[in-house]
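To be precise, the following lines are start.csv, and they hold CSV, N, CA and C atoms.
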```
chain,number,residue,atom,x,y,z
A,1,MET,N,0.8,-1.2,0.0
A,1,MET,CA,0.0,0.0,0.0
A,1,MET,C,0.9,1.3,0.0
A,2,THR,N,2.0,1.3,0.6
A,2,THR,CA,2.9,2.4,0.7
A,2,THR,C,3.5,2.7,-0.6
A,3,LYS,N,3.9,1.7,-1.4
A,3,LYS,CA,4.5,1.9,-2.7
A,3,LYS,C,3.4,2.5,-3.6
A,4,LEU,N,2.2,2.0,-3.6
A,4,LEU,CA,1.1,2.5,-4.4
A,4,LEU,C,0.8,4.0,-4.1
A,5,GLY,N,0.8,4.3,-2.8
A,5,GLY,CA,0.5,5.7,-2.4
A,5,GLY,C,1.6,6.6,-2.9
A,6,GLY,N,2.9,6.2,-2.8
A,6,GLY,CA,4.0,6.9,-3.3
A,6,GLY,C,3.9,7.2,-4.7
A,7,ARG,N,3.6,6.1,-5.5
A,7,ARG,CA,3.5,6.3,-7.0
A,7,ARG,C,2.3,7.2,-7.3
A,8,LEU,N,1.2,7.1,-6.6
A,8,LEU,CA,0.1,8.0,-6.9
A,8,LEU,C,0.5,9.5,-6.6
A,9,PHE,N,1.2,9.7,-5.5
A,9,PHE,CA,1.7,11.0,-5.2
A,9,PHE,C,2.6,11.6,-6.3
A,10,VAL,N,3.5,10.8,-6.7
A,10,VAL,CA,4.4,11.2,-7.8
A,10,VAL,C,3.7,11.5,-9.1
A,11,ALA,N,2.7,10.6,-9.4
A,11,ALA,CA,1.9,10.8,-10.6
A,11,ALA,C,1.1,12.1,-10.5
A,12,LEU,N,0.5,12.4,-9.4
A,12,LEU,CA,-0.3,13.6,-9.2
A,12,LEU,C,0.6,14.9,-9.3
A,13,ALA,N,1.8,14.8,-8.7
A,13,ALA,CA,2.7,15.9,-8.7
A,13,ALA,C,3.1,16.2,-10.2
A,14,ILE,N,3.4,15.2,-11.0
A,14,ILE,CA,3.8,15.4,-12.4
A,14,ILE,C,2.7,16.0,-13.1
A,15,LEU,N,1.4,15.5,-12.9
A,15,LEU,CA,0.3,16.0,-13.6
A,15,LEU,C,0.0,17.4,-13.2
A,16,SER,N,0.2,17.8,-12.0
A,16,SER,CA,0.0,19.2,-11.5
A,16,SER,C,1.0,20.1,-12.2
A,17,ILE,N,2.3,19.7,-12.3
A,17,ILE,CA,3.3,20.5,-12.9
A,17,ILE,C,3.0,20.7,-14.4
A,18,ALA,N,2.6,19.6,-15.0
A,18,ALA,CA,2.2,19.7,-16.5
A,18,ALA,C,1.1,20.6,-16.7
A,19,ALA,N,0.0,20.5,-15.8
A,19,ALA,CA,-1.1,21.4,-16.0
A,19,ALA,C,-0.7,22.8,-15.8
A,20,PHE,N,0.1,23.1,-14.8
A,20,PHE,CA,0.6,24.5,-14.6
A,20,PHE,C,1.4,25.0,-15.8
A,21,ALA,N,2.2,24.2,-16.4
A,21,ALA,CA,3.0,24.6,-17.6
A,21,ALA,C,2.1,24.8,-18.8
A,22,VAL,N,1.1,24.0,-19.0
A,22,VAL,CA,0.2,24.2,-20.1
A,22,VAL,C,-0.6,25.5,-19.9
A,23,THR,N,-1.1,25.8,-18.7
A,23,THR,CA,-1.8,27.0,-18.4
A,23,THR,C,-1.0,28.2,-18.5
A,24,ARG,N,0.2,28.2,-18.1
A,24,ARG,CA,1.2,29.3,-18.2
A,24,ARG,C,1.5,29.6,-19.7
A,25,ALA,N,1.7,28.5,-20.5
A,25,ALA,CA,1.9,28.7,-21.9
A,25,ALA,C,0.8,29.3,-22.6
A,26,ALA,N,-0.4,28.9,-22.2
A,26,ALA,CA,-1.6,29.5,-22.8
A,26,ALA,C,-1.8,31.0,-22.5
A,27,ARG,N,-1.5,31.3,-21.2
A,27,ARG,CA,-1.6,32.7,-20.8
A,27,ARG,C,-0.5,33.5,-21.5
A,28,ALA,N,0.7,33.0,-21.6
A,28,ALA,CA,1.8,33.8,-22.3
A,28,ALA,C,1.4,34.2,-23.7
A,29,GLY,N,0.7,33.3,-24.4
A,29,GLY,CA,0.3,33.6,-25.7
A,29,GLY,C,-0.8,34.7,-25.7
A,30,ASP,N,-1.5,34.9,-24.6
A,30,ASP,CA,-2.5,35.9,-24.5
A,30,ASP,C,-2.0,37.3,-23.9
A,31,ASP,N,-0.8,37.3,-23.5
A,31,ASP,CA,-0.2,38.5,-22.9
A,31,ASP,C,0.4,39.4,-24.0
A,32,LEU,N,-0.5,40.1,-24.7
A,32,LEU,CA,-0.1,41.0,-25.8
A,32,LEU,C,0.3,42.4,-25.3
A,33,VAL,N,-0.3,42.8,-24.2
A,33,VAL,CA,0.1,44.1,-23.6
A,33,VAL,C,0.6,43.7,-22.2
A,34,ASN,N,1.9,44.1,-21.9
A,34,ASN,CA,2.5,43.7,-20.7
A,34,ASN,C,3.1,44.9,-19.9
A,35,THR,N,3.4,44.7,-18.7
A,35,THR,CA,4.1,45.6,-17.8
A,35,THR,C,3.5,47.0,-18.0
A,36,VAL,N,2.2,47.2,-17.7
A,36,VAL,CA,1.5,48.4,-17.7
A,36,VAL,C,1.7,49.2,-16.5
A,37,GLU,N,2.1,50.5,-16.6
A,37,GLU,CA,2.3,51.3,-15.4
A,37,GLU,C,1.6,52.7,-15.7
A,38,LEU,N,0.8,53.1,-14.8
A,38,LEU,CA,0.1,54.4,-15.0
A,38,LEU,C,0.5,55.3,-13.8
A,39,SER,N,0.6,56.6,-14.1
A,39,SER,CA,0.8,57.5,-13.0
A,39,SER,C,-0.4,57.4,-12.1
A,40,PRO,N,-0.3,57.3,-10.8
A,40,PRO,CA,-1.4,57.1,-9.9
A,40,PRO,C,-2.3,58.3,-9.7
A,41,VAL,N,-1.7,59.5,-9.8
A,41,VAL,CA,-2.4,60.8,-9.5
A,41,VAL,C,-2.0,61.8,-10.6
A,42,LEU,N,-3.0,62.5,-11.1
A,42,LEU,CA,-2.8,63.6,-12.0
A,42,LEU,C,-3.1,64.9,-11.3
A,43,GLY,N,-2.0,65.7,-11.1
A,43,GLY,CA,-2.2,67.0,-10.4
A,43,GLY,C,-2.7,68.1,-11.4
A,44,ALA,N,-2.9,69.3,-10.9
A,44,ALA,CA,-3.4,70.4,-11.6
A,44,ALA,C,-2.6,70.7,-12.9
A,45,MET,N,-1.3,70.7,-12.7
A,45,MET,CA,-0.4,71.1,-13.8
A,45,MET,C,0.4,69.9,-14.4
A,46,ASP,N,0.0,68.7,-14.0
A,46,ASP,CA,0.8,67.5,-14.4
A,46,ASP,C,0.3,66.9,-15.7
A,47,GLU,N,1.1,65.9,-16.1
A,47,GLU,CA,0.7,65.0,-17.1
A,47,GLU,C,0.8,63.6,-16.5
A,48,ALA,N,-0.1,62.7,-16.9
A,48,ALA,CA,0.0,61.3,-16.4
A,48,ALA,C,0.7,60.5,-17.5
A,49,THR,N,1.5,59.6,-17.0
A,49,THR,CA,2.2,58.7,-17.9
A,49,THR,C,1.6,57.4,-18.0
A,50,ALA,N,1.4,56.9,-19.2
A,50,ALA,CA,1.0,55.5,-19.5
A,50,ALA,C,2.1,54.8,-20.2
A,51,GLU,N,2.7,53.8,-19.4
A,51,GLU,CA,3.8,53.0,-20.0
A,51,GLU,C,3.3,51.6,-20.1
A,52,PHE,N,3.6,51.0,-21.3
A,52,PHE,CA,3.2,49.6,-21.5
A,52,PHE,C,4.2,49.0,-22.5
A,53,SER,N,4.2,47.7,-22.6
A,53,SER,CA,5.0,47.0,-23.6
A,53,SER,C,4.1,46.1,-24.4
A,54,LEU,N,4.4,46.1,-25.7
A,54,LEU,CA,3.6,45.2,-26.6
A,54,LEU,C,4.5,43.9,-26.9
A,55,ALA,N,3.9,42.8,-26.8
A,55,ALA,CA,4.6,41.5,-27.1
A,55,ALA,C,4.9,41.4,-28.6
A,56,GLU,N,4.0,41.9,-29.4
A,56,GLU,CA,4.1,41.8,-30.8
A,56,GLU,C,3.7,43.1,-31.5
A,57,PRO,N,4.3,43.5,-32.6
A,57,PRO,CA,3.9,44.7,-33.3
A,57,PRO,C,2.5,44.6,-33.8
A,58,ASP,N,1.8,45.8,-34.0
A,58,ASP,CA,0.5,45.9,-34.5
A,58,ASP,C,0.4,47.1,-35.4
A,59,ASP,N,-0.3,47.0,-36.5
A,59,ASP,CA,-0.4,48.1,-37.5
A,59,ASP,C,-1.5,49.1,-37.2
A,60,ALA,N,-2.4,48.8,-36.3
A,60,ALA,CA,-3.6,49.7,-36.1
A,60,ALA,C,-3.9,49.7,-34.6
A,61,VAL,N,-3.2,50.5,-33.8
A,61,VAL,CA,-3.4,50.5,-32.4
A,61,VAL,C,-4.1,51.8,-31.9
A,62,ASP,N,-5.1,51.6,-31.1
A,62,ASP,CA,-5.8,52.7,-30.5
A,62,ASP,C,-5.4,52.6,-29.0
A,63,VAL,N,-5.0,53.8,-28.4
A,63,VAL,CA,-4.7,53.9,-27.0
A,63,VAL,C,-5.7,55.0,-26.5
A,64,LEU,N,-6.6,54.6,-25.6
A,64,LEU,CA,-7.6,55.5,-25.1
A,64,LEU,C,-7.6,55.6,-23.6
A,65,VAL,N,-7.9,56.8,-23.1
A,65,VAL,CA,-8.2,57.0,-21.7
A,65,VAL,C,-9.7,56.9,-21.6
A,66,ILE,N,-10.1,56.1,-20.7
A,66,ILE,CA,-11.6,55.8,-20.5
A,66,ILE,C,-12.0,56.1,-19.1
A,67,ASP,N,-13.3,56.2,-18.8
A,67,ASP,CA,-13.8,56.4,-17.5
A,67,ASP,C,-13.5,55.1,-16.7
A,68,GLY,N,-12.8,55.3,-15.6
A,68,GLY,CA,-12.4,54.1,-14.8
A,68,GLY,C,-13.0,54.1,-13.5
A,69,ASN,N,-14.1,54.9,-13.3
A,69,ASN,CA,-14.8,54.8,-12.0
A,69,ASN,C,-15.6,53.5,-11.9
A,70,PRO,N,-15.8,53.0,-10.6
A,70,PRO,CA,-16.5,51.8,-10.4
A,70,PRO,C,-17.9,52.0,-11.0
A,71,ASP,N,-18.4,50.9,-11.7
A,71,ASP,CA,-19.8,50.9,-12.3
A,71,ASP,C,-19.9,51.9,-13.4
A,72,SER,N,-18.8,52.4,-14.0
A,72,SER,CA,-18.9,53.3,-15.1
A,72,SER,C,-19.2,52.5,-16.4
A,73,ASP,N,-19.5,53.2,-17.5
A,73,ASP,CA,-19.7,52.6,-18.8
A,73,ASP,C,-18.4,52.5,-19.6
A,74,ARG,N,-17.3,52.9,-19.0
A,74,ARG,CA,-16.0,52.8,-19.6
A,74,ARG,C,-15.9,53.7,-20.9
A,75,ALA,N,-16.6,54.8,-20.9
A,75,ALA,CA,-16.7,55.6,-22.1
A,75,ALA,C,-15.3,56.2,-22.4
A,76,GLN,N,-15.1,56.4,-23.7
A,76,GLN,CA,-13.8,57.1,-24.1
A,76,GLN,C,-13.8,58.5,-23.6
A,77,VAL,N,-12.7,58.9,-23.0
A,77,VAL,CA,-12.5,60.3,-22.5
A,77,VAL,C,-11.5,61.0,-23.4
A,78,ARG,N,-10.5,60.3,-23.8
A,78,ARG,CA,-9.4,60.9,-24.7
A,78,ARG,C,-8.7,59.9,-25.5
A,79,ALA,N,-8.6,60.1,-26.8
A,79,ALA,CA,-7.8,59.2,-27.6
A,79,ALA,C,-6.3,59.7,-27.6
A,80,LEU,N,-5.4,58.9,-27.1
A,80,LEU,CA,-4.0,59.2,-27.1
A,80,LEU,C,-3.4,58.8,-28.4
A,81,GLN,N,-4.0,57.8,-29.0
A,81,GLN,CA,-3.5,57.4,-30.3
A,81,GLN,C,-4.6,56.6,-31.0
A,82,LEU,N,-4.8,56.9,-32.3
A,82,LEU,CA,-5.8,56.2,-33.1
A,82,LEU,C,-5.3,55.6,-34.3
A,83,GLY,N,-5.4,54.3,-34.5
A,83,GLY,CA,-5.0,53.6,-35.7
A,83,GLY,C,-3.6,53.6,-36.1
A,84,GLU,N,-2.7,53.9,-35.2
A,84,GLU,CA,-1.3,54.0,-35.5
A,84,GLU,C,-0.5,52.7,-35.3
A,85,PRO,N,0.5,52.5,-36.1
A,85,PRO,CA,1.3,51.3,-35.9
A,85,PRO,C,2.2,51.4,-34.7
A,86,LEU,N,2.4,50.4,-33.9
A,86,LEU,CA,3.3,50.3,-32.8
A,86,LEU,C,4.2,49.1,-32.9
A,87,ASP,N,5.5,49.3,-32.7
A,87,ASP,CA,6.4,48.1,-32.7
A,87,ASP,C,6.2,47.3,-31.4
A,88,ALA,N,6.7,46.1,-31.4
A,88,ALA,CA,6.9,45.4,-30.2
A,88,ALA,C,7.9,46.1,-29.3
A,89,GLY,N,7.6,46.0,-28.0
A,89,GLY,CA,8.5,46.6,-27.0
A,89,GLY,C,7.9,47.7,-26.2
A,90,PRO,N,8.6,48.5,-25.5
A,90,PRO,CA,8.1,49.5,-24.5
A,90,PRO,C,7.6,50.7,-25.3
A,91,HIS,N,6.5,51.3,-24.7
A,91,HIS,CA,5.9,52.6,-25.2
A,91,HIS,C,5.5,53.4,-24.0
A,92,GLU,N,5.6,54.7,-24.2
A,92,GLU,CA,5.2,55.7,-23.2
A,92,GLU,C,4.4,56.8,-23.9
A,93,LEU,N,3.2,57.0,-23.3
A,93,LEU,CA,2.3,58.1,-23.8
A,93,LEU,C,2.0,59.0,-22.6
A,94,LEU,N,1.7,60.3,-22.9
A,94,LEU,CA,1.4,61.2,-21.9
A,94,LEU,C,-0.1,61.7,-22.1
A,95,TRP,N,-0.7,61.9,-20.9
A,95,TRP,CA,-2.1,62.4,-20.9
A,95,TRP,C,-2.1,63.7,-20.1
A,96,ASP,N,-2.6,64.8,-20.7
A,96,ASP,CA,-2.6,66.1,-20.0
A,96,ASP,C,-3.8,66.3,-19.1
A,97,GLY,N,-4.7,65.3,-18.9
A,97,GLY,CA,-5.9,65.5,-18.1
A,97,GLY,C,-7.0,66.1,-18.8
A,98,ARG,N,-6.9,66.2,-20.1
A,98,ARG,CA,-8.0,66.8,-20.9
A,98,ARG,C,-8.7,65.7,-21.7
A,99,GLY,N,-10.0,66.0,-22.0
A,99,GLY,CA,-10.8,65.1,-22.8
A,99,GLY,C,-10.6,65.4,-24.3
A,100,ASP,N,-11.3,64.6,-25.1
A,100,ASP,CA,-11.2,64.9,-26.6
A,100,ASP,C,-11.7,66.3,-26.9
A,101,ASP,N,-12.5,66.9,-26.1
A,101,ASP,CA,-13.0,68.2,-26.4
A,101,ASP,C,-12.0,69.3,-26.0
A,102,GLY,N,-10.8,68.9,-25.4
A,102,GLY,CA,-9.8,69.9,-25.0
A,102,GLY,C,-10.0,70.5,-23.6
A,103,GLU,N,-11.1,70.2,-23.0
A,103,GLU,CA,-11.5,70.7,-21.6
A,103,GLU,C,-10.9,69.7,-20.6
A,104,PRO,N,-10.5,70.3,-19.4
A,104,PRO,CA,-10.1,69.4,-18.3
A,104,PRO,C,-11.2,68.4,-17.9
A,105,VAL,N,-10.8,67.2,-17.6
A,105,VAL,CA,-11.8,66.2,-17.2
A,105,VAL,C,-12.3,66.4,-15.8
A,106,GLU,N,-13.4,65.8,-15.4
A,106,GLU,CA,-13.9,65.9,-14.1
A,106,GLU,C,-13.0,65.1,-13.2
A,107,PRO,N,-13.0,65.4,-11.9
A,107,PRO,CA,-12.3,64.6,-10.9
A,107,PRO,C,-12.9,63.1,-10.9
A,108,GLY,N,-12.0,62.2,-10.7
A,108,GLY,CA,-12.4,60.8,-10.7
A,108,GLY,C,-11.3,59.9,-11.1
A,109,LEU,N,-11.7,58.6,-11.4
A,109,LEU,CA,-10.7,57.6,-11.8
A,109,LEU,C,-10.8,57.4,-13.3
A,110,TYR,N,-9.6,57.2,-13.9
A,110,TYR,CA,-9.6,57.0,-15.4
A,110,TYR,C,-8.6,55.8,-15.6
A,111,ALA,N,-8.9,55.1,-16.7
A,111,ALA,CA,-8.2,53.9,-17.0
A,111,ALA,C,-7.7,53.9,-18.4
A,112,LEU,N,-6.9,52.9,-18.8
A,112,LEU,CA,-6.4,52.8,-20.1
A,112,LEU,C,-7.0,51.7,-20.9
A,113,ARG,N,-7.3,51.9,-22.1
A,113,ARG,CA,-7.8,50.8,-23.0
A,113,ARG,C,-6.9,50.8,-24.2
A,114,VAL,N,-6.4,49.6,-24.6
A,114,VAL,CA,-5.6,49.4,-25.7
A,114,VAL,C,-6.3,48.5,-26.7
A,115,ILE,N,-6.5,49.0,-27.9
A,115,ILE,CA,-7.2,48.2,-28.9
A,115,ILE,C,-6.2,47.8,-30.0
A,116,LEU,N,-5.9,46.6,-30.2
A,116,LEU,CA,-5.0,46.1,-31.2
A,116,LEU,C,-5.8,45.7,-32.4
A,117,GLY,N,-5.8,46.5,-33.4
A,117,GLY,CA,-6.7,46.2,-34.6
A,117,GLY,C,-6.2,45.0,-35.4
A,118,GLU,N,-4.9,44.9,-35.6
A,118,GLU,CA,-4.4,43.8,-36.4
A,118,GLU,C,-4.7,42.5,-35.7
A,119,ALA,N,-4.5,42.5,-34.3
A,119,ALA,CA,-4.7,41.3,-33.5
A,119,ALA,C,-6.2,41.1,-33.1
A,120,ASP,N,-7.0,42.1,-33.5
A,120,ASP,CA,-8.4,42.0,-33.1
A,120,ASP,C,-8.6,41.8,-31.6
A,121,ARG,N,-7.9,42.6,-30.8
A,121,ARG,CA,-8.0,42.5,-29.3
A,121,ARG,C,-8.3,43.8,-28.7
A,122,ASP,N,-9.1,43.8,-27.7
A,122,ASP,CA,-9.5,45.0,-26.9
A,122,ASP,C,-9.1,44.7,-25.5
A,123,ILE,N,-8.1,45.4,-25.0
A,123,ILE,CA,-7.4,45.1,-23.7
A,123,ILE,C,-7.6,46.2,-22.7
A,124,LEU,N,-8.1,45.8,-21.5
A,124,LEU,CA,-8.3,46.8,-20.4
A,124,LEU,C,-7.2,46.4,-19.3
A,125,PRO,N,-6.0,47.0,-19.4
A,125,PRO,CA,-5.0,46.7,-18.4
A,125,PRO,C,-5.4,47.2,-17.0
A,126,PRO,N,-4.9,46.6,-16.0
A,126,PRO,CA,-5.2,47.0,-14.6
A,126,PRO,C,-4.6,48.4,-14.3
A,127,GLY,N,-5.0,49.0,-13.3
A,127,GLY,CA,-4.5,50.3,-12.9
A,127,GLY,C,-5.4,51.4,-13.2
A,128,ARG,N,-5.3,52.5,-12.4
A,128,ARG,CA,-6.1,53.7,-12.6
A,128,ARG,C,-5.3,54.9,-12.4
A,129,ILE,N,-5.7,56.0,-13.1
A,129,ILE,CA,-5.2,57.4,-12.8
A,129,ILE,C,-6.3,58.1,-12.1
A,130,CYS,N,-5.9,58.7,-11.0
A,130,CYS,CA,-6.9,59.5,-10.2
A,130,CYS,C,-6.7,61.0,-10.5
A,131,VAL,N,-7.8,61.7,-10.8
A,131,VAL,CA,-7.8,63.1,-10.9
A,131,VAL,C,-8.5,63.6,-9.7
A,132,PRO,N,-7.7,64.3,-8.8
A,132,PRO,CA,-8.3,64.7,-7.5
A,132,PRO,C,-9.3,65.9,-7.7
A,133,GLY,N,-10.2,66.0,-6.8
A,133,GLY,CA,-11.1,67.1,-6.8
A,133,GLY,C,-11.8,67.2,-5.4
A,134,ASP,N,-12.8,68.1,-5.3
A,134,ASP,CA,-13.5,68.3,-4.0
A,134,ASP,C,-14.0,67.1,-3.4
A,135,GLU,N,-14.6,66.2,-4.2
A,135,GLU,CA,-15.3,65.0,-3.7
A,135,GLU,C,-14.4,63.8,-4.0
A,136,VAL,N,-13.3,63.9,-4.6
A,136,VAL,CA,-12.4,62.8,-4.9
A,136,VAL,C,-11.1,63.0,-4.3
A,137,ASP,N,-10.8,62.1,-3.4
A,137,ASP,CA,-9.5,62.1,-2.6
A,137,ASP,C,-8.6,61.0,-3.2
A,138,CYS,N,-7.5,61.4,-3.7
A,138,CYS,CA,-6.6,60.4,-4.3
A,138,CYS,C,-5.6,60.0,-3.2
```
Mind converting the file's structure to structure tokens?
Amino acid sequence: MTKLGGRLFVALAILSIAAFAVTRAARAGDDLVNTVELSPVLGAMDEATAEFSLAEPDDAVDVLVIDGNPDSDRAQVRALQLGEPLDAGPHELLWDGRGDDGEPVEPGLYALRVILGEADRDILPPGRICVPGDEVDC
């Protein structure tokens, strides 16, 4: 009984490691936008930085600032880039805290949306940029 238990333990350990490797490989293929870093707070005269890395180049990339408040509709606030090609590797874009209309945005939380047209992917990376105001404390 002890030998059978030991063999079962080894078999389960090998299967667990194999399952982890397969899952990780599948996720690695899905990681098109990596290492996203957003400035946590946008002050009155500041610019927020959105840094990210693309695993593969894409010929039609949209990078958007969207409403990032809880329960929001994730509406577009500002297009930082529309339909532009981006190479694989690191990228840095700046946001001046203004909407597409050129006016300063309302206080609240904002997020990044990256749309890879060639890869047909719409990615909402983690992280938020906070624009402070009377009722919003960052």
Which residues come within 6 Å of A:Glu92, counting only N, CA and C atoms, excluding same-chain residues fewer than 2 positions away, as a short mmCIF file (atom, residue, chain, number, x, y, z; two decimals) with N, CA and C atoms, in the coordinates of the input?
```cif
data_model
loop_
_atom_site.label_atom_id
_atom_site.label_comp_id
_atom_site.auth_asym_id
_atom_site.auth_seq_id
_atom_site.Cartn_x
_atom_site.Cartn_y
_atom_site.Cartn_z
N ALA A 50 1.40 56.90 -19.20
CA ALA A 50 1.00 55.50 -19.50
C ALA A 50 2.10 54.80 -20.20
N GLU A 51 2.70 53.80 -19.40
CA GLU A 51 3.80 53.00 -20.00
C GLU A 51 3.30 51.60 -20.10
N PHE A 52 3.60 51.00 -21.30
CA PHE A 52 3.20 49.60 -21.50
C PHE A 52 4.20 49.00 -22.50
N PRO A 90 8.60 48.50 -25.50
CA PRO A 90 8.10 49.50 -24.50
C PRO A 90 7.60 50.70 -25.30
N LEU A 94 1.70 60.30 -22.90
CA LEU A 94 1.40 61.20 -21.90
C LEU A 94 -0.10 61.70 -22.10
#
```
Which residues of stretch 62-81 of chain A come within 6 Å of stretch 98-122 of chain A, and for each one, what is the closest pair of atoms and their distance in Å to one decimal, counting only N, CA and C atoms, sorted by chain and residue number, as a tab-separated table?
```
residue	atom	partner	partner_atom	distance
A:Asp62	C	A:Ile115	N	3.9
A:Val63	CA	A:Arg113	C	4.7
A:Leu64	C	A:Arg113	N	4.0
A:Val65	CA	A:Ala111	C	4.6
A:Ile66	N	A:Ala111	C	4.0
A:Asp67	C	A:Tyr110	CA	4.5
A:Gly68	N	A:Tyr110	CA	3.6
A:Asn69	N	A:Leu109	C	4.1
A:Val77	C	A:Asp100	N	4.0
A:Arg78	CA	A:Asp100	N	4.2
A:Ala79	N	A:Asp100	CA	5.5
```
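The shortest atom-to-atom distance to A:Gly97, with only N, CA and C atoms taken into account, belongs to A:Val131 out of A:Asp59, A:Val131, A:Ser39, A:Gly83.
Rounded to one decimal, atom C of A:Glu37 and atom C of A:Leu93 lie 9.4 Å from each other.
For the residues A:Ala60, A:Ala75, A:Val41, A:Leu54, ranking by smallest atom-to-atom distance to A:Gly89 using only C-alpha atoms places A:Leu54 first.
When atom CA of A:Ala55 is paired with atom CA of A:Arg74, their separation reads 24.7 Å.
Reported to one decimal place, the separation of atom N of A:Val36 from atom N of A:Ala88 is 14.5 Å.
Nearest residue to A:Asp96 among A:Leu38, A:Lys3, A:Glu47, A:Leu80 is A:Glu47, counting all atoms listed in the file.
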